file upload_0.csv (CSV, C-alpha atoms)
chain,number,residue,atom,x,y,z
A,682,MET,CA,-23.9,27.4,-66.3
A,683,ARG,CA,-20.3,26.5,-67.1
A,684,PHE,CA,-19.1,29.1,-64.5
A,685,LEU,CA,-21.3,27.5,-61.8
A,686,LEU,CA,-20.0,24.0,-62.5
A,687,SER,CA,-16.4,25.3,-62.4
A,688,ARG,CA,-17.1,27.2,-59.2
A,689,ARG,CA,-18.7,24.0,-57.6
A,690,SER,CA,-15.7,21.9,-58.8
A,691,ASN,CA,-13.3,24.4,-57.2
A,692,MET,CA,-15.2,24.2,-54.0
A,693,VAL,CA,-15.1,20.4,-53.9
A,694,THR,CA,-11.4,20.5,-54.7
A,695,CYS,CA,-10.8,23.0,-51.9
A,696,ARG,CA,-12.7,20.9,-49.4
A,697,TRP,CA,-10.7,17.8,-50.5
A,698,LEU,CA,-7.4,19.7,-50.0
A,699,PHE,CA,-8.6,21.0,-46.6
A,700,CYS,CA,-9.4,17.5,-45.5
A,701,LEU,CA,-6.1,16.2,-46.8
A,702,ILE,CA,-4.2,18.9,-44.8
A,703,LEU,CA,-6.1,17.9,-41.7
A,704,VAL,CA,-5.1,14.3,-42.2
A,705,VAL,CA,-1.4,15.2,-42.7
A,706,ILE,CA,-1.5,17.4,-39.5
A,707,ALA,CA,-3.1,14.7,-37.5
A,708,ALA,CA,-0.6,12.1,-38.8
A,709,THR,CA,2.3,14.5,-37.9
A,710,PHE,CA,1.3,15.5,-34.4
A,711,MET,CA,-0.9,12.6,-33.1
A,712,PRO,CA,0.9,9.9,-31.1
A,713,ALA,CA,1.6,6.5,-32.8
A,714,ALA,CA,-1.2,4.0,-32.8
A,715,ALA,CA,-1.4,2.1,-29.6
A,716,GLY,CA,-0.7,-1.6,-29.4
A,717,SER,CA,-2.1,-4.8,-28.0
A,718,PRO,CA,-3.5,-4.9,-24.5
A,719,VAL,CA,-0.8,-4.7,-21.7
A,720,ARG,CA,-1.3,-7.2,-18.9
A,721,LEU,CA,-0.4,-6.1,-15.3
A,722,ARG,CA,-0.2,-8.6,-12.5
A,723,ILE,CA,-0.6,-7.3,-8.9
A,724,ASN,CA,1.0,-9.4,-6.1
A,725,THR,CA,-2.1,-10.2,-4.1
A,726,ALA,CA,-4.8,-7.5,-4.0
A,727,HIS,CA,-2.7,-4.7,-2.6
A,728,GLY,CA,-3.2,-1.6,-4.6
A,729,LEU,CA,-5.4,-3.1,-7.1
A,730,GLU,CA,-7.8,-0.2,-7.1
A,731,ASN,CA,-4.9,2.2,-7.4
A,732,ALA,CA,-3.7,0.5,-10.5
A,733,LEU,CA,-7.1,0.4,-12.0
A,734,GLY,CA,-7.6,4.1,-11.1
A,735,ALA,CA,-4.3,5.1,-12.6
A,736,VAL,CA,-5.3,3.6,-16.0
A,737,LYS,CA,-8.6,5.5,-15.9
A,738,ASP,CA,-6.7,8.7,-15.0
A,739,ALA,CA,-4.5,8.2,-18.0
A,740,GLY,CA,-7.6,7.9,-20.2
A,741,LEU,CA,-7.3,4.3,-21.1
A,742,SER,CA,-9.7,1.3,-20.7
A,743,VAL,CA,-9.2,-1.3,-18.1
A,744,GLU,CA,-11.2,-3.7,-20.2
A,745,THR,CA,-9.4,-3.5,-23.6
A,746,ASP,CA,-6.2,-1.5,-23.1
A,747,VAL,CA,-4.6,-2.4,-19.8
A,748,ILE,CA,-5.8,-5.7,-18.2
A,749,ILE,CA,-5.1,-5.8,-14.4
A,750,THR,CA,-5.4,-8.9,-12.3
A,751,SER,CA,-4.3,-9.9,-8.8
A,752,SER,CA,-2.3,-13.0,-7.8
A,753,SER,CA,-4.7,-13.6,-4.9
A,754,GLU,CA,-8.2,-12.4,-4.0
A,755,PHE,CA,-7.1,-12.1,-0.4
A,756,ASN,CA,-5.4,-8.8,0.5
A,757,GLY,CA,-1.8,-9.8,1.4
A,758,HIS,CA,-2.3,-13.6,1.5
A,759,PRO,CA,-0.5,-15.3,0.1
A,760,PHE,CA,2.4,-13.0,-0.7
A,761,LEU,CA,4.6,-14.4,-3.5
A,762,PRO,CA,8.3,-13.9,-3.4
A,763,PRO,CA,9.9,-12.6,-6.7
A,764,GLY,CA,10.7,-16.0,-8.1
A,765,LYS,CA,7.2,-17.5,-7.5
A,766,PHE,CA,5.6,-14.3,-8.6
A,767,LEU,CA,7.5,-14.4,-11.9
A,768,LYS,CA,6.0,-17.8,-12.7
A,769,ASP,CA,2.5,-16.5,-11.6
A,770,ALA,CA,2.8,-13.5,-13.9
A,771,GLN,CA,4.0,-15.5,-16.8
A,772,ALA,CA,1.0,-17.9,-16.4
A,773,ALA,CA,-1.2,-14.8,-16.5
A,774,GLN,CA,0.6,-13.6,-19.7
A,775,ALA,CA,1.6,-10.4,-17.9
A,776,THR,CA,4.6,-8.3,-18.9
A,777,ILE,CA,4.6,-6.0,-15.9
A,778,MET,CA,4.4,-7.0,-12.3
A,779,SER,CA,3.8,-5.0,-9.1
A,780,SER,CA,4.7,-5.9,-5.5
A,781,SER,CA,3.7,-3.6,-2.7
A,782,PHE,CA,5.6,-5.1,0.3
A,783,SER,CA,8.5,-4.2,2.5
A,784,HIS,CA,10.9,-6.8,1.3
A,785,TRP,CA,13.0,-4.8,-1.1
A,786,ASP,CA,16.7,-5.8,-1.4
A,787,TYR,CA,18.9,-4.3,-4.1
A,788,LEU,CA,20.4,-7.8,-4.8
A,789,PHE,CA,17.0,-8.8,-6.2
A,790,ASP,CA,17.9,-6.9,-9.4
A,791,THR,CA,21.0,-9.0,-10.0
A,792,THR,CA,19.4,-12.2,-9.0
A,793,MET,CA,16.4,-11.7,-11.3
A,794,TYR,CA,18.0,-9.7,-14.1
A,795,GLU,CA,18.6,-12.4,-16.7
A,796,VAL,CA,15.2,-14.0,-16.5
A,797,LEU,CA,13.2,-10.8,-16.4
A,798,SER,CA,15.1,-9.1,-19.2
A,799,LYS,CA,15.1,-12.1,-21.5
A,800,ASN,CA,11.3,-12.4,-21.1
A,801,GLY,CA,10.6,-8.7,-21.6
A,802,LEU,CA,9.3,-8.2,-18.0
A,803,VAL,CA,9.6,-5.4,-15.5
A,804,HIS,CA,8.8,-5.6,-11.7
A,805,VAL,CA,7.6,-2.5,-9.8
A,806,TYR,CA,8.4,-2.8,-6.2
A,807,ALA,CA,7.6,-0.7,-3.1
A,808,TYR,CA,10.7,1.0,-1.7
A,809,GLU,CA,10.1,0.0,1.9
A,810,PRO,CA,13.2,-2.2,2.6
A,811,ARG,CA,13.3,-4.2,5.9
A,812,LYS,CA,16.9,-3.0,6.3
A,813,SER,CA,18.7,0.0,5.0
A,814,GLN,CA,20.2,-0.5,1.5
A,815,PRO,CA,23.9,0.4,0.8
A,816,PHE,CA,24.4,4.0,0.1
A,817,GLY,CA,25.9,3.3,-3.3
A,818,ALA,CA,23.2,0.8,-4.4
A,819,PRO,CA,22.1,1.8,-7.9
A,820,PRO,CA,18.5,2.2,-9.0
A,821,PRO,CA,17.5,-1.2,-10.4
A,822,ALA,CA,17.5,-2.2,-14.1
A,823,VAL,CA,14.7,-4.7,-14.3
A,824,PHE,CA,12.9,-3.7,-11.2
A,825,VAL,CA,11.4,-0.2,-10.4
A,826,THR,CA,11.6,1.0,-6.8
A,827,VAL,CA,9.2,3.7,-5.8
A,828,ASN,CA,7.7,5.3,-2.7
A,829,LEU,CA,5.6,8.3,-1.9
A,830,CYS,CA,7.4,11.6,-2.2
A,831,GLY,CA,8.1,12.4,1.5
A,832,GLY,CA,8.3,8.8,2.4
A,833,LYS,CA,11.4,6.6,2.9
A,834,THR,CA,14.3,7.2,0.5
A,835,GLY,CA,17.8,5.8,0.3
A,836,GLY,CA,20.3,3.9,-1.8
A,837,GLY,CA,18.6,2.1,-4.7
A,838,ILE,CA,15.4,4.0,-4.9
A,839,GLU,CA,14.3,5.1,-8.4
A,840,PHE,CA,11.3,7.4,-8.2
A,841,CYS,CA,8.7,8.9,-6.0
A,842,VAL,CA,5.0,9.6,-6.6
A,843,PRO,CA,3.4,12.7,-5.0
A,844,LYS,CA,0.4,12.3,-2.8
A,845,LYS,CA,-2.8,13.2,-4.7
A,846,TYR,CA,-0.9,12.6,-8.0
A,847,MET,CA,-3.0,13.4,-11.1
A,848,ASN,CA,-5.8,14.2,-8.7
A,849,GLY,CA,-7.9,11.2,-9.7
A,850,HIS,CA,-8.8,7.6,-9.0
A,851,GLY,CA,-5.2,6.2,-8.9
A,852,GLN,CA,-3.9,8.6,-6.2
A,853,SER,CA,-2.8,7.1,-2.9
A,854,ASP,CA,-1.4,8.1,0.5
A,855,THR,CA,0.4,4.7,1.1
A,856,PRO,CA,3.5,3.2,-0.4
A,857,SER,CA,1.5,0.2,-1.5
A,858,GLY,CA,-1.0,2.3,-3.4
A,859,ALA,CA,1.8,4.5,-5.0
A,860,THR,CA,3.6,1.4,-6.2
A,861,ALA,CA,0.4,0.0,-7.9
A,862,GLN,CA,-0.4,3.5,-9.3
A,863,LEU,CA,3.0,3.8,-10.9
A,864,ALA,CA,2.7,0.2,-12.3
A,865,GLY,CA,-0.6,1.2,-13.8
A,866,LEU,CA,0.9,4.3,-15.4
A,867,MET,CA,3.9,2.4,-16.8
A,868,ALA,CA,1.4,-0.1,-18.3
A,869,CYS,CA,-0.3,2.9,-20.0
A,870,LEU,CA,3.0,4.1,-21.4
A,871,LYS,CA,3.7,0.7,-22.8
A,872,TYR,CA,0.2,0.6,-24.4
A,873,ASN,CA,0.7,4.1,-25.9
A,874,HIS,CA,4.3,3.3,-27.1
A,875,PRO,CA,4.1,-0.4,-28.1
A,876,ALA,CA,7.6,-0.3,-29.8
A,877,TRP,CA,9.3,0.8,-26.6
A,878,ASN,CA,10.7,-1.8,-24.3
A,879,TRP,CA,10.6,-1.4,-20.5
A,880,PHE,CA,14.0,0.1,-20.4
A,881,ASP,CA,12.8,2.8,-22.8
A,882,ILE,CA,9.8,3.4,-20.6
A,883,LYS,CA,12.0,3.7,-17.5
A,884,ALA,CA,14.3,6.1,-19.5
A,885,ALA,CA,11.3,8.3,-20.5
A,886,LEU,CA,10.2,8.5,-16.9
A,887,ARG,CA,13.7,9.2,-15.5
A,888,SER,CA,14.4,11.9,-18.1
A,889,THR,CA,11.2,13.8,-17.3
A,890,SER,CA,11.3,13.3,-13.5
A,891,SER,CA,12.1,16.2,-11.1
A,892,ASN,CA,15.8,15.4,-10.3
A,893,PHE,CA,16.9,14.4,-13.8
A,894,LEU,CA,18.7,17.7,-14.6
A,895,THR,CA,20.8,17.7,-11.4
A,896,GLY,CA,21.3,13.9,-11.4
A,897,TYR,CA,20.3,10.9,-9.3
A,898,THR,CA,20.4,11.3,-5.5
A,899,PRO,CA,19.4,8.7,-2.9
A,900,PHE,CA,18.6,11.6,-0.5
A,901,ASN,CA,15.8,12.9,-2.7
A,902,TRP,CA,14.0,9.8,-4.0
A,903,GLY,CA,16.5,8.9,-6.8
A,904,TYR,CA,15.3,10.6,-10.0
A,905,GLY,CA,12.6,12.3,-8.0
A,906,SER,CA,8.9,12.9,-8.7
A,907,ILE,CA,7.6,11.2,-11.8
A,908,ASP,CA,5.9,13.1,-14.7
A,909,TYR,CA,3.7,10.7,-16.6
A,910,ARG,CA,2.2,13.2,-19.0
A,911,SER,CA,5.7,14.5,-20.1
A,912,ALA,CA,7.0,11.0,-20.5
A,913,ASN,CA,4.0,10.0,-22.5
A,914,ALA,CA,4.5,13.0,-24.8
A,915,LEU,CA,7.9,11.7,-25.9
A,916,THR,CA,7.8,9.9,-29.2
A,917,ASP,CA,11.2,8.6,-30.3
A,918,SER,CA,13.0,6.1,-28.1
A,919,ALA,CA,16.2,6.6,-30.1
A,920,LYS,CA,16.3,10.1,-28.8
A,921,LEU,CA,15.9,9.3,-25.1
A,922,PRO,CA,18.9,10.0,-22.9
A,923,LEU,CA,21.3,7.2,-22.2
A,924,PHE,CA,21.4,5.6,-18.7
A,925,PRO,CA,24.3,3.6,-17.3
A,926,PRO,CA,24.0,0.0,-16.2
A,927,ALA,CA,23.0,-0.9,-12.7
A,928,ALA,CA,26.5,-2.1,-11.7
A,929,VAL,CA,27.7,-3.2,-8.2
A,930,MET,CA,31.0,-4.4,-6.9
A,931,VAL,CA,30.2,-7.8,-5.4
A,932,THR,CA,33.7,-8.7,-4.1
A,933,LYS,CA,37.1,-7.1,-3.7
A,934,ARG,CA,40.2,-9.1,-3.3
A,935,PRO,CA,43.9,-8.0,-3.4
A,936,ASP,CA,44.2,-8.7,-7.2
A,937,THR,CA,40.6,-9.0,-8.4
A,938,VAL,CA,37.4,-7.1,-8.5
A,939,VAL,CA,34.1,-8.8,-9.4
A,940,PHE,CA,31.2,-6.8,-10.8
A,941,ALA,CA,27.6,-7.6,-11.3
A,942,ILE,CA,26.4,-5.5,-14.3
A,943,ASN,CA,22.8,-5.3,-15.2
A,944,SER,CA,22.7,-3.6,-18.6
A,945,PHE,CA,20.2,-0.8,-19.2
A,946,LYS,CA,19.1,-2.1,-22.7
A,947,GLN,CA,17.1,0.8,-24.0
A,948,ALA,CA,16.6,1.0,-27.8
A,949,ARG,CA,19.4,3.6,-28.2
A,950,ARG,CA,22.0,1.5,-26.4
A,951,ALA,CA,24.8,-0.3,-28.3
A,952,ALA,CA,27.1,-1.6,-25.6
A,953,ASP,CA,28.3,-1.3,-22.0
A,954,ALA,CA,31.6,0.4,-21.3
A,955,LEU,CA,34.0,0.2,-18.4
A,956,PHE,CA,36.4,3.1,-17.5
A,957,VAL,CA,39.0,3.4,-14.8
A,958,PHE,CA,40.1,6.7,-13.1
A,959,ASN,CA,43.0,7.4,-10.8
A,960,LEU,CA,41.0,10.1,-9.1
A,961,ARG,CA,37.3,10.0,-8.2
A,962,PRO,CA,35.5,11.6,-11.1
A,963,ALA,CA,32.6,14.0,-10.5
A,964,PRO,CA,29.1,13.1,-11.7
A,965,THR,CA,28.2,14.9,-15.0
A,966,GLN,CA,25.0,16.5,-16.2
A,967,LYS,CA,25.5,15.7,-19.8
A,968,GLU,CA,26.5,12.8,-22.0
A,969,LEU,CA,30.1,12.4,-22.9
A,970,SER,CA,32.4,11.6,-25.8
A,971,LEU,CA,35.5,9.3,-25.4
A,972,GLU,CA,37.7,12.4,-25.8
A,973,GLU,CA,35.9,14.1,-22.9
A,974,LEU,CA,36.2,11.1,-20.7
A,975,ASN,CA,39.9,10.8,-21.5
A,976,ALA,CA,40.3,14.5,-20.6
A,977,MET,CA,38.7,13.8,-17.2
A,978,GLY,CA,41.3,11.2,-16.6
A,979,GLY,CA,39.3,8.1,-17.6
A,980,ARG,CA,40.8,5.2,-19.5
A,981,LEU,CA,38.6,2.8,-21.5
A,982,LEU,CA,39.1,-0.8,-20.4
A,983,PHE,CA,36.2,-2.5,-22.2
A,984,THR,CA,33.3,-1.9,-24.5
A,985,GLY,CA,30.9,-4.6,-25.6
A,986,ASP,CA,28.6,-7.2,-24.1
A,987,ARG,CA,29.2,-9.9,-21.6
A,988,PRO,CA,28.2,-13.5,-22.2
A,989,GLU,CA,24.5,-14.1,-22.3
A,990,THR,CA,24.8,-16.7,-19.6
A,991,ALA,CA,26.0,-14.4,-16.8
A,992,ASN,CA,25.7,-10.8,-15.7
A,993,THR,CA,29.0,-10.8,-13.7
A,994,CYS,CA,32.6,-10.3,-14.7
A,995,SER,CA,35.9,-10.3,-12.9
A,996,PHE,CA,38.7,-7.8,-13.4
A,997,ARG,CA,42.3,-8.7,-12.4
A,998,MET,CA,44.5,-5.8,-11.4
A,999,THR,CA,48.2,-5.0,-10.7
A,1000,GLY,CA,49.6,-2.0,-9.0
A,1001,ASN,CA,49.1,-0.2,-5.7
A,1002,SER,CA,47.4,3.1,-6.6
A,1003,PRO,CA,43.6,3.6,-5.8
A,1004,ALA,CA,41.3,3.1,-8.7
A,1005,TYR,CA,37.7,4.2,-9.4
A,1006,PHE,CA,35.7,2.2,-11.9
A,1007,VAL,CA,32.8,3.7,-13.9
A,1008,TRP,CA,30.4,1.6,-15.9
A,1009,LEU,CA,28.6,3.5,-18.7
A,1010,THR,CA,26.4,2.9,-21.7
A,1011,ARG,CA,27.5,3.7,-25.3
A,1012,ASP,CA,25.3,4.4,-28.3
A,1013,ARG,CA,26.1,3.7,-32.0
A,1014,GLN,CA,27.4,7.2,-32.5
A,1015,GLY,CA,30.0,6.8,-29.8
A,1016,ARG,CA,28.3,8.9,-27.2
A,1017,TYR,CA,28.5,7.6,-23.6
A,1018,SER,CA,25.9,8.1,-20.8
A,1019,ARG,CA,26.6,10.7,-18.3
A,1020,ILE,CA,28.3,9.7,-15.1
A,1021,GLU,CA,25.8,9.3,-12.3
A,1022,SER,CA,26.7,9.2,-8.6
A,1023,TYR,CA,25.9,5.5,-8.5
A,1024,SER,CA,28.1,4.7,-11.5
A,1025,ILE,CA,31.3,5.5,-9.5
A,1026,LEU,CA,32.7,2.3,-7.8
A,1027,GLY,CA,35.7,2.4,-5.6
A,1028,PRO,CA,38.3,3.2,-4.6
A,1029,VAL,CA,40.2,-0.1,-4.8
A,1030,GLN,CA,43.9,-0.6,-4.5
A,1031,SER,CA,45.1,-0.6,-8.1
A,1032,ALA,CA,44.9,1.5,-11.2
A,1033,HIS,CA,46.3,-0.9,-13.8
A,1034,ALA,CA,44.6,-3.8,-15.4
A,1035,ASN,CA,45.9,-6.7,-17.4
A,1036,VAL,CA,43.0,-9.2,-17.8
A,1037,LEU,CA,39.2,-8.9,-18.2
A,1038,HIS,CA,38.0,-12.5,-17.7
A,1039,GLY,CA,35.2,-13.8,-19.9
A,1040,LEU,CA,34.9,-10.7,-22.0
A,1041,THR,CA,36.0,-9.9,-25.6
A,1042,PRO,CA,36.7,-6.1,-26.1
A,1043,LYS,CA,35.2,-4.7,-29.3
call {"tool": "encode", "arguments": {"input": "upload_0.csv", "output": "structure tokens"}}
result
Amino acid sequence: MRFLLSRRSNMVTCRWLFCLILVVIAATFMPAAAGSPVRLRINTAHGLENALGAVKDAGLSVETDVIITSSSEFNGHPFLPPGKFLKDAQAAQATIMSSSFSHWDYLFDTTMYEVLSKNGLVHVYAYEPRKSQPFGAPPPAVFVTVNLCGGKTGGGIEFCVPKKYMNGHGQSDTPSGATAQLAGLMACLKYNHPAWNWFDIKAALRSTSSNFLTGYTPFNWGYGSIDYRSANALTDSAKLPLFPPAAVMVTKRPDTVVFAINSFKQARRAADALFVFNLRPAPTQKELSLEELNAMGGRLLFTGDRPETANTCSFRMTGNSPAYFVWLTRDRQGRYSRIESYSILGPVQSAHANVLHGLTPK
């Protein structure tokens, strides 16, 4: 009898240990618990069904996980420009916006950067500009510009979505539908990774897209074809690759260069950094140390943050040699983002600086 009790006790203990092991394995390999509902606002009714379908394709609920509403029940009427749409989205308590229209202009990113970033918002926009964008226009920081793979590409585009993507309800054959589809998938990423900000989500998508290894190219839809499942499988935002700011040179005068710098404020980022080169540097396929940048001919001019009240700064120069400016992102370990093609600004006639207005180097 004592043997039977002992054997039964051992069996109970083994079962308890087996269950404990399963719990530990699940806690180790299952994704972190999802967060509160994510609210997506669609500009009018364009692509509404594509956004709803994308959420279903990702396995989430459109009733409890990602809540999608349109700014108008009429398809395309009225269309709200970015400023008015921002107020509409905030009134609807949305944190992600989607516009499927052909109005894209790369200057939207600079105009809207402060208000969108401070309010934790992102705006997904169809890459169907009414006029061609400058070749050196960077992919946006607080917007997301997307088109169908095979559709229009050019300066400032960030991603493309393949036709028939994920082979489900969200797939589309139009730029409008692809834009809403990506917005729906980004909302799903936010729901599954509640601690990530929108810069982290963009970084996850960029780092898993088809062109990431070879670098951004405006001729091939920026970072290329998205990979939602691979991005969703990532777990630690602190390990995501660094991406440089979306910086543009807004004016050039004989002694001054004025930049608009939209910081890419992912969780890993510590500061922006400005380097100057006498010769045009080549884009790199890996992150860099200060020593490596110096060996390439780069000279660090500034590292830190600009005043919260503005996303522009001026740089006064002396000298006559051509200069190339490169804005990068630095992390807390002193690593710098790789040099992307859109990060190289210049040449301008000078290589020596004596003043950075409105900035305090750190």
call {"tool": "closest_residue", "arguments": {"input": "upload_0.csv", "among": "A:Asp881, A:Asp786, A:Glu1021, A:Glu795", "to": "Thr898 of chain A", "atoms": "only C-alpha atoms"}}
result
A:Glu1021
call {"tool": "residues_near_point", "arguments": {"input": "upload_0.csv", "point": "(-8.5, 2.3, -10.0)", "cutoff": "12 Å", "atoms": "all atoms listed in the file", "output": "JSON, numbers by chain"}}
result
{"A": [727, 728, 729, 730, 731, 732, 733, 734, 735, 736, 737, 738, 739, 740, 741, 742, 743, 747, 748, 749, 750, 849, 850, 851, 852, 853, 858, 859, 861, 862, 863, 864, 865, 866]}
call {"tool": "closest_residue", "arguments": {"input": "upload_0.csv", "among": "A:Gly757, A:Gly1015, A:Pro964, A:Pro1028", "to": "Phe782 of chain A", "atoms": "all atoms listed in the file"}}
result
A:Gly757
call {"tool": "residues_around", "arguments": {"input": "upload_0.csv", "residues": "Leu981 of chain A", "least_positions_apart": "2", "cutoff": "8 Å", "atoms": "only C-alpha atoms", "output": "list in words"}}
result
Ala954, Leu955, Phe956, Val957, Gly979, Phe983 and Thr984 of chain A
call {"tool": "residues_around", "arguments": {"input": "upload_0.csv", "residues": "Lys844 of chain A", "least_positions_apart": "4", "cutoff": "10 Å", "atoms": "only C-alpha atoms", "output": "list of chain:residue names"}}
result
A:Leu829, A:Cys830, A:Gly831, A:Asn848, A:Gln852, A:Ser853, A:Asp854, A:Thr855, A:Pro856, A:Ala859
call {"tool": "write_last_selection", "arguments": {"input": "upload_0.csv", "atoms": "C-alpha atoms", "output": "tab-separated table (two decimals), in the frame of the given file"}}
result
chain	number	residue	atom	x	y	z
A	829	LEU	CA	5.60	8.30	-1.90
A	830	CYS	CA	7.40	11.60	-2.20
A	831	GLY	CA	8.10	12.40	1.50
A	848	ASN	CA	-5.80	14.20	-8.70
A	852	GLN	CA	-3.90	8.60	-6.20
A	853	SER	CA	-2.80	7.10	-2.90
A	854	ASP	CA	-1.40	8.10	0.50
A	855	THR	CA	0.40	4.70	1.10
A	856	PRO	CA	3.50	3.20	-0.40
A	859	ALA	CA	1.80	4.50	-5.00
call {"tool": "closest_residue", "arguments": {"input": "upload_0.csv", "among": "A:Ser1018, A:Ser891, A:Thr792, A:Pro718", "to": "Ala991 of chain A", "atoms": "all atoms listed in the file"}}
result
A:Thr792
call {"tool": "atom_distance", "arguments": {"input": "upload_0.csv", "atom1": "atom CA of Ala952 of chain A", "atom2": "atom CA of Leu1009 of chain A"}}
result
8.7 Å
call {"tool": "atom_distance", "arguments": {"input": "upload_0.csv", "atom1": "atom CA of Ser857 of chain A", "atom2": "atom CA of Gly837 of chain A"}}
result
17.5 Å
call {"tool": "closest_residue", "arguments": {"input": "upload_0.csv", "among": "A:Leu788, A:Val1029, A:Ala868, A:Val938", "to": "Arg722 of chain A", "atoms": "all atoms listed in the file"}}
result
A:Ala868
call {"tool": "residues_around", "arguments": {"input": "upload_0.csv", "residues": "Val929 of chain A", "least_positions_apart": "4", "cutoff": "7 Å", "atoms": "only C-alpha atoms", "output": "list in words"}}
result
Phe940, Ala941 and Ile942 of chain A
call {"tool": "atom_distance", "arguments": {"input": "upload_0.csv", "atom1": "atom CA of Ser890 of chain A", "atom2": "atom CA of Leu969 of chain A"}}
result
21.0 Å
call {"tool": "closest_residue", "arguments": {"input": "upload_0.csv", "among": "A:Thr937, A:Asn913, A:Ser1022, A:Ser906", "to": "Pro925 of chain A", "atoms": "all atoms listed in the file"}}
result
A:Ser1022
call {"tool": "residues_around", "arguments": {"input": "upload_0.csv", "residues": "Ser780 of chain A", "least_positions_apart": "5", "cutoff": "10 Å", "atoms": "only C-alpha atoms", "output": "NGL selection string"}}
result
:A and (722-728 or 760-763 or 766 or 785 or 804-808 or 826 or 857 or 860-861 or 864)
call {"tool": "decode", "arguments": {"input": "upload_0.csv", "residues": "segment 855-900 of chain A", "atoms": "C-alpha atoms", "output": "mmCIF file, in the first residue's frame"}}
result
data_model
loop_
_atom_site.group_PDB
_atom_site.id
_atom_site.type_symbol
_atom_site.label_atom_id
_atom_site.label_comp_id
_atom_site.auth_asym_id
_atom_site.auth_seq_id
_atom_site.Cartn_x
_atom_site.Cartn_y
_atom_site.Cartn_z
ATOM 1 C CA THR A 855 -4.667 49.217 -56.514
ATOM 2 C CA PRO A 856 -2.394 51.721 -54.736
ATOM 3 C CA SER A 857 -5.330 52.783 -52.540
ATOM 4 C CA GLY A 858 -5.978 49.243 -51.409
ATOM 5 C CA ALA A 859 -2.299 48.489 -50.827
ATOM 6 C CA THR A 860 -1.982 51.601 -48.658
ATOM 7 C CA ALA A 861 -4.900 50.612 -46.454
ATOM 8 C CA GLN A 862 -3.652 47.011 -46.364
ATOM 9 C CA LEU A 863 -0.258 48.120 -45.041
ATOM 10 C CA ALA A 864 -1.936 50.426 -42.498
ATOM 11 C CA GLY A 865 -3.976 47.492 -41.253
ATOM 12 C CA LEU A 866 -0.885 45.313 -40.916
ATOM 13 C CA MET A 867 1.033 48.089 -39.127
ATOM 14 C CA ALA A 868 -1.862 48.406 -36.672
ATOM 15 C CA CYS A 869 -1.575 44.661 -36.061
ATOM 16 C CA LEU A 870 2.149 45.011 -35.364
ATOM 17 C CA LYS A 871 1.378 47.749 -32.845
ATOM 18 C CA TYR A 872 -1.238 45.588 -31.153
ATOM 19 C CA ASN A 873 1.121 42.605 -30.946
ATOM 20 C CA HIS A 874 4.033 44.774 -29.744
ATOM 21 C CA PRO A 875 2.418 47.418 -27.514
ATOM 22 C CA ALA A 876 5.761 48.623 -26.109
ATOM 23 C CA TRP A 877 7.023 49.520 -29.602
ATOM 24 C CA ASN A 878 6.540 53.032 -30.941
ATOM 25 C CA TRP A 879 5.745 53.658 -34.615
ATOM 26 C CA PHE A 880 9.430 54.227 -35.406
ATOM 27 C CA ASP A 881 10.153 50.742 -34.016
ATOM 28 C CA ILE A 882 7.409 49.271 -36.175
ATOM 29 C CA LYS A 883 8.778 51.020 -39.266
ATOM 30 C CA ALA A 884 12.280 49.795 -38.337
ATOM 31 C CA ALA A 885 11.020 46.209 -38.012
ATOM 32 C CA LEU A 886 9.341 46.397 -41.421
ATOM 33 C CA ARG A 887 12.372 48.042 -43.060
ATOM 34 C CA SER A 888 14.811 45.501 -41.636
ATOM 35 C CA THR A 889 12.767 42.539 -42.909
ATOM 36 C CA SER A 890 11.873 43.991 -46.332
ATOM 37 C CA SER A 891 13.399 42.718 -49.553
ATOM 38 C CA ASN A 892 15.954 45.520 -50.158
ATOM 39 C CA PHE A 893 17.275 45.935 -46.627
ATOM 40 C CA LEU A 894 20.503 43.972 -47.109
ATOM 41 C CA THR A 895 21.559 45.972 -50.176
ATOM 42 C CA GLY A 896 20.211 49.306 -48.926
ATOM 43 C CA TYR A 897 17.518 51.802 -49.791
ATOM 44 C CA THR A 898 16.961 52.484 -53.489
ATOM 45 C CA PRO A 899 14.303 54.790 -54.987
ATOM 46 C CA PHE A 900 14.479 52.771 -58.218
#
